[in-house]
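A.B. asks: Please read through the structure below; I'll follow up with questions.
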Amino acid sequence: MKGAPRALLGMALAAVLWSTPVPAARAEVSDQDLDVCLAYAQIELASQYGSPSSLVFINDGRATMERHDGMMDGHYVSTILRMDGVLTTPDGVARPVRITCLLASVGEPVGLRLEPRR
């Protein structure tokens, strides 16, 4: 009977390890993904502000591409792009922002988030 508690403990430990989420893979952001997200951003900004505004992406060492397989903001998302940028609104004020672009698949953006950069 001594082996039974150890076996149960081993199975419980294996179940915990098996269910632990694996961190998403990160990679550099490709120019193709940037172009797709930038085009999507221009459409979103035009609908939000109703007049010309611009968004410049900064593809530097802080820019990341993360693989994802699940729902976000009500959409299936396979890739999350994160990078810094500068948003210039119709009033001409430039604001540094952190950009998150959600892709359902290659070339298919489904969401955009802009947050003030700290």
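Every chain in the structure tokens has a letter given in the order shown (A, B, ...), and although residue numbers restart at 1 in each chain, ligands are simply numbered from 1 in the order shown.
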Residues at most 12 Å from Gly92 in chain A, counting only C-alpha atoms, excluding those fewer than 5 positions away in the same chain, as number ranges by chain?
C.D. replies: A: 51-55, 86-87
A.B. asks: Write the residues of the selection above to a file with C-alpha atoms, as a PDB file, in the first residue's frame.
C.D. replies:
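Listed below is the output, part30.pdb:
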ATOM      1  CA  SER A  51     -10.990  63.282 -40.331  1.00  0.00           C
ATOM      2  CA  PRO A  52      -7.329  62.770 -41.185  1.00  0.00           C
ATOM      3  CA  SER A  53      -5.095  61.433 -38.480  1.00  0.00           C
ATOM      4  CA  SER A  54      -1.939  59.393 -38.702  1.00  0.00           C
ATOM      5  CA  LEU A  55      -0.313  56.541 -36.872  1.00  0.00           C
ATOM      6  CA  VAL A  86       3.013  57.879 -32.480  1.00  0.00           C
ATOM      7  CA  LEU A  87      -0.615  58.879 -33.013  1.00  0.00           C
TER       8      LEU A  87
END
A.B. asks: Name the residues in contact with range 29-31 of chain A at a cut-off of 8 Å, using only C-alpha atoms, excluding same-chain residues fewer than 6 positions from it; report them as number ranges by chain.
C.D. replies: A: 59, 63-65, 81
A.B. asks: Any chance you could export the current selection's C-alpha atoms as an mmCIF file, in the first residue's frame?
C.D. replies:
data_model
loop_
_atom_site.group_PDB
_atom_site.id
_atom_site.type_symbol
_atom_site.label_atom_id
_atom_site.label_comp_id
_atom_site.auth_asym_id
_atom_site.auth_seq_id
_atom_site.Cartn_x
_atom_site.Cartn_y
_atom_site.Cartn_z
ATOM 1 C CA ASN A 59 9.444 48.519 -35.303
ATOM 2 C CA ALA A 63 8.140 45.308 -31.022
ATOM 3 C CA THR A 64 6.937 41.736 -30.575
ATOM 4 C CA MET A 65 4.860 39.183 -32.403
ATOM 5 C CA LEU A 81 1.565 42.316 -32.535
#
A.B. asks: Work out how far CA of Ala41 in chain A is from CA of Val77 in chain A, in Å to one decimal.
C.D. replies: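 Atom-to-atom, CA of Val77 in chain A to CA of Ala41 in chain A, that is 16.6 Å.
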A.B. asks: Suppose you want the space between CA of Leu112 in chain A and CA of Asp73 in chain A; what is it in Å?
C.D. replies: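 Those two atoms sit 9.9 Å apart.
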A.B. asks: In Å, rounded to a single decimal, give me how far CA of Gly107 in chain A is from CA of Tyr40 in chain A.
C.D. replies: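 About the pair CA of Tyr40 in chain A and CA of Gly107 in chain A: they are 10.0 Å apart.
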A.B. asks: Using only C-alpha atoms, find the one residue out of A:Asp33, A:Glu108, A:Asp69, A:Glu44 that sits nearest to Met83 in chain A.
C.D. replies: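 Of A:Asp33, A:Glu108, A:Asp69, A:Glu44, the one nearest Met83 in chain A is A:Asp33, counting only C-alpha atoms.
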